[in-house]
Amino acid sequence: MFGQPTTPRSRVVLASTLSAGLIFGMAACGDNKDSGSSGTSAAAIDCAPYTKFGDLKGKTVTIYTGIVTPEDTPHINSYKPFEQCTGVTVKYEGDKSFETQILVRAKAGNPPDLAIVPQPGLLKQLVATGKAVAAPAETEANVDKFWSKDWKAYGTVDGKFYAAPLGASVKSLVWYSPKDFKDGGYTIPTTLDELKALSDKMVADKKKPWCAGINSGDATGWPVTDWMEDAMLRLYGPETYDKWVNHQIPFNGPESTAALDWVGSYLKNPAYVNGGLGDVKSIASTTFQDAGLPILDGTCMMHRQASFYAANWPKEKKVAEDGDVFAFYLPAKDASTKPVLGGGEFVLAFADRPEVKAFQTYLSSDTWANEKAKLSSGWVSANKGLDQANLTSPIDKLAAGILLDPKAEFRFDGSDQMPAAVGSDSFWKQSTAWITGQDTKTTVDNIEKSWPK
């Protein structure tokens, strides 16, 4: 069984994502002609795919999620074309306590028709209640057409396909100042060796190449887990990464030990960190929200953090390739491969009525992905039918380009898939101890000991 998904880290990431929607999506949430105010109309779409489900007029579908105000507005508005096509009413319920309450409701026999599930581990727990139902053939056909096999696998439990992917985030990013890179004569690295050489060149230029912060309240330490997951993906490939996440190889084995040492070659290197913030130990006391900000004054040159970090830049700063700050893809060992670490959401059903199946099919379509993209920024999808021209923010376009690259090999955040005793407990705590001086062997040994027998 995968771990408890109701973690402080999940709430932190959700809060950042919601903030991103607020900062980058004000126009979409307020002035768009397709907004939810009375008297407006949704965009016209092809209604033919939904006629096969019969006459659905007057029917209601409930959908339950942790996506709340202000991010709920573009979601609700994106359902309107489906409602107009079918006559179905979609009742949206956003709840900050979703990740605990959805399990309570499922076990009690009172689940919604559909739930937007943010983690594969939680998805498996919900399927294990016996209340979830497999996705309809029409939804599965959309997923086969519009998503990679990697994505479909995360919505599959014990060989049965349950949940279509929805939104996504990219974690394999490095934030930087385009102006400072240009002034310093620095180029975006395309391999890990080039990343190391770039860091060394910055040191030679008397600059601190990296800044980092892992303080996140009860979830302190989680940014190290993302660094390590990216290292596992890049040094050993997706198949070994999967074995590591599923404990088919030990946490204190040679692969994960080398991966953490690789992270240490950056985060525990006093010549590399912690630009504008202090010494290596200051990483533990610096909040993840503040960690990248020294880029803006040039005291730090790079910060490895996910696409949702866009929410943390001051609103007056331009996030773009020609702006105050932007991001580049954290490179692989060589330019021929493209491992991508990230997160995402999945739509799981607890009912198989025709109107529920029809709505699942709509949400799994390229039609919905493009409607959603037009309505809000701070949101992307790995749906291959997404027209990137419909994305309004440069960072969204960057993230979508990475996700939709034919070479991309996507893997979901590893700690979110591990048992709670590891993924949201020992991995965080031991990572923090490691940053403040604990050696690598003790760290990986302690995490291995915590793995449930």
# chains A, B, ... in the order shown; residues from 1 in each chain; ligands from 1

$ closest_atom_pairs --of "segment 170-248 of chain A" --to "segment 390-407 of chain A" --cutoff "12 Å" --atoms "only C-alpha atoms" --output "JSON lines"
{"residue": "A:Val170", "atom": "CA", "partner": "A:Ala399", "partner_atom": "CA", "distance": 6.0}
{"residue": "A:Lys171", "atom": "CA", "partner": "A:Ala399", "partner_atom": "CA", "distance": 9.1}
{"residue": "A:Ser172", "atom": "CA", "partner": "A:Ile402", "partner_atom": "CA", "distance": 9.2}
{"residue": "A:Leu173", "atom": "CA", "partner": "A:Ala399", "partner_atom": "CA", "distance": 8.7}
{"residue": "A:Val174", "atom": "CA", "partner": "A:Ala399", "partner_atom": "CA", "distance": 11.7}
{"residue": "A:Trp175", "atom": "CA", "partner": "A:Ile395", "partner_atom": "CA", "distance": 10.5}

$ residues_around --residues "Asp46 of chain A" --least-positions-apart "2" --cutoff "9 Å" --atoms "only C-alpha atoms" --output "ChimeraX atom specification"
/A:44,48-50,85,367

$ write_last_selection --atoms "N, CA and C atoms" --output "compact mmCIF listing (two decimals), in the first residue's frame"
# COMPACT_ATOMS: atom_id res chain seq x y z
N ALA A 44 -18.48 27.29 -27.94
CA ALA A 44 -19.13 26.18 -28.62
C ALA A 44 -18.12 25.06 -28.86
N ALA A 48 -20.92 15.94 -30.44
CA ALA A 48 -21.14 14.57 -30.92
C ALA A 48 -20.61 13.48 -29.99
N PRO A 49 -19.42 13.67 -29.35
CA PRO A 49 -18.90 12.58 -28.52
C PRO A 49 -19.80 12.21 -27.33
N TYR A 50 -20.75 13.08 -27.00
CA TYR A 50 -21.55 12.85 -25.79
C TYR A 50 -22.96 12.34 -26.10
N CYS A 85 -23.85 21.32 -23.93
CA CYS A 85 -24.02 20.23 -24.90
C CYS A 85 -25.03 19.19 -24.41
N THR A 367 -10.47 18.60 -26.05
CA THR A 367 -11.41 19.72 -26.01
C THR A 367 -11.37 20.41 -24.65

$ closest_atom_pairs --of "segment 340-438 of chain A" --to "segment 265-270 of chain A" --cutoff "10 Å" --atoms "only C-alpha atoms" --output "tab-separated table"
residue	atom	partner	partner_atom	distance
A:Trp434	CA	A:Lys268	CA	9.0
A:Ile435	CA	A:Lys268	CA	6.8
A:Thr436	CA	A:Lys268	CA	9.0
A:Gly437	CA	A:Lys268	CA	8.8

$ closest_residue --among "A:His303, A:Lys160, A:Lys59, A:Lys179" --to "Leu330 of chain A" --atoms "only C-alpha atoms"
A:His303

$ closest_atom_pairs --of "segment 334-453 of chain A" --to "segment 220-234 of chain A" --cutoff "8 Å" --atoms "only C-alpha atoms" --output "CSV"
residue,atom,partner,partner_atom,distance
A:Pro339,CA,A:Leu233,CA,6.3
A:Val340,CA,A:Asp230,CA,7.8
A:Leu341,CA,A:Asp230,CA,6.2
A:Asp413,CA,A:Glu229,CA,7.2
A:Gly414,CA,A:Glu229,CA,6.4
A:Ser415,CA,A:Thr225,CA,6.9
A:Phe427,CA,A:Thr225,CA,7.0
A:Trp428,CA,A:Gly221,CA,4.3
A:Lys429,CA,A:Gly221,CA,6.2
A:Gln430,CA,A:Gly221,CA,7.9
A:Ser431,CA,A:Gly221,CA,5.6
A:Thr432,CA,A:Gly221,CA,5.1

$ write_last_selection --atoms "C-alpha atoms" --output "short mmCIF file (atom, residue, chain, number, x, y, z; two decimals), in the first residue's frame"
data_model
loop_
_atom_site.label_atom_id
_atom_site.label_comp_id
_atom_site.auth_asym_id
_atom_site.auth_seq_id
_atom_site.Cartn_x
_atom_site.Cartn_y
_atom_site.Cartn_z
CA PRO A 339 13.54 12.48 -17.71
CA VAL A 340 10.86 14.69 -16.17
CA LEU A 341 9.90 14.73 -12.49
CA ASP A 413 7.09 12.60 -7.35
CA GLY A 414 8.60 9.63 -5.54
CA SER A 415 8.07 10.59 -1.90
CA PHE A 427 12.68 11.06 4.18
CA TRP A 428 11.94 14.66 5.20
CA LYS A 429 13.47 14.45 8.67
CA GLN A 430 16.61 12.63 7.62
CA SER A 431 17.10 14.98 4.67
CA THR A 432 17.03 17.89 7.10
#

$ residues_around --residues "segment 94-102 of chain A" --least-positions-apart "6" --cutoff "8 Å" --atoms "only C-alpha atoms" --output "list in words"
Pro5, Thr6, Tyr64, Thr65, Gly66, Ile67, Val68, Thr69, Asp72, Pro111, Ala115 and Leu122 of chain A

$ write_last_selection --atoms "N, CA and C atoms" --output "mmCIF file, in the first residue's frame"
data_model
loop_
_atom_site.group_PDB
_atom_site.id
_atom_site.type_symbol
_atom_site.label_atom_id
_atom_site.label_comp_id
_atom_site.auth_asym_id
_atom_site.auth_seq_id
_atom_site.Cartn_x
_atom_site.Cartn_y
_atom_site.Cartn_z
ATOM 1 N N PRO A 5 -1.472 10.255 1.797
ATOM 2 C CA PRO A 5 -1.243 11.446 1.000
ATOM 3 C C PRO A 5 -1.575 12.750 1.705
ATOM 4 N N THR A 6 -2.203 12.655 2.855
ATOM 5 C CA THR A 6 -2.625 13.881 3.522
ATOM 6 C C THR A 6 -1.461 14.459 4.305
ATOM 7 N N TYR A 64 -15.762 16.383 -6.593
ATOM 8 C CA TYR A 64 -15.183 16.788 -5.312
ATOM 9 C C TYR A 64 -13.670 16.907 -5.474
ATOM 10 N N THR A 65 -13.078 17.959 -4.878
ATOM 11 C CA THR A 65 -11.674 18.247 -5.130
ATOM 12 C C THR A 65 -11.083 19.118 -4.034
ATOM 13 N N GLY A 66 -9.758 19.150 -3.970
ATOM 14 C CA GLY A 66 -9.056 20.064 -3.064
ATOM 15 C C GLY A 66 -8.759 21.399 -3.714
ATOM 16 N N ILE A 67 -9.198 21.603 -4.948
ATOM 17 C CA ILE A 67 -8.964 22.856 -5.670
ATOM 18 C C ILE A 67 -10.039 23.856 -5.259
ATOM 19 N N VAL A 68 -9.619 24.901 -4.554
ATOM 20 C CA VAL A 68 -10.558 25.858 -3.974
ATOM 21 C C VAL A 68 -10.304 27.250 -4.545
ATOM 22 N N THR A 69 -11.072 28.223 -4.060
ATOM 23 C CA THR A 69 -10.959 29.614 -4.514
ATOM 24 C C THR A 69 -9.516 30.108 -4.392
ATOM 25 N N ASP A 72 -10.855 27.518 -8.311
ATOM 26 C CA ASP A 72 -12.069 26.798 -8.676
ATOM 27 C C ASP A 72 -12.812 27.464 -9.832
ATOM 28 N N PRO A 111 -19.470 8.628 -1.313
ATOM 29 C CA PRO A 111 -18.511 9.370 -2.133
ATOM 30 C C PRO A 111 -19.223 10.239 -3.158
ATOM 31 N N ALA A 115 -13.985 12.416 -8.272
ATOM 32 C CA ALA A 115 -13.036 13.111 -7.411
ATOM 33 C C ALA A 115 -11.774 13.412 -8.209
ATOM 34 N N LEU A 122 -2.897 8.065 -3.099
ATOM 35 C CA LEU A 122 -4.273 8.259 -2.657
ATOM 36 C C LEU A 122 -5.245 7.543 -3.585
#
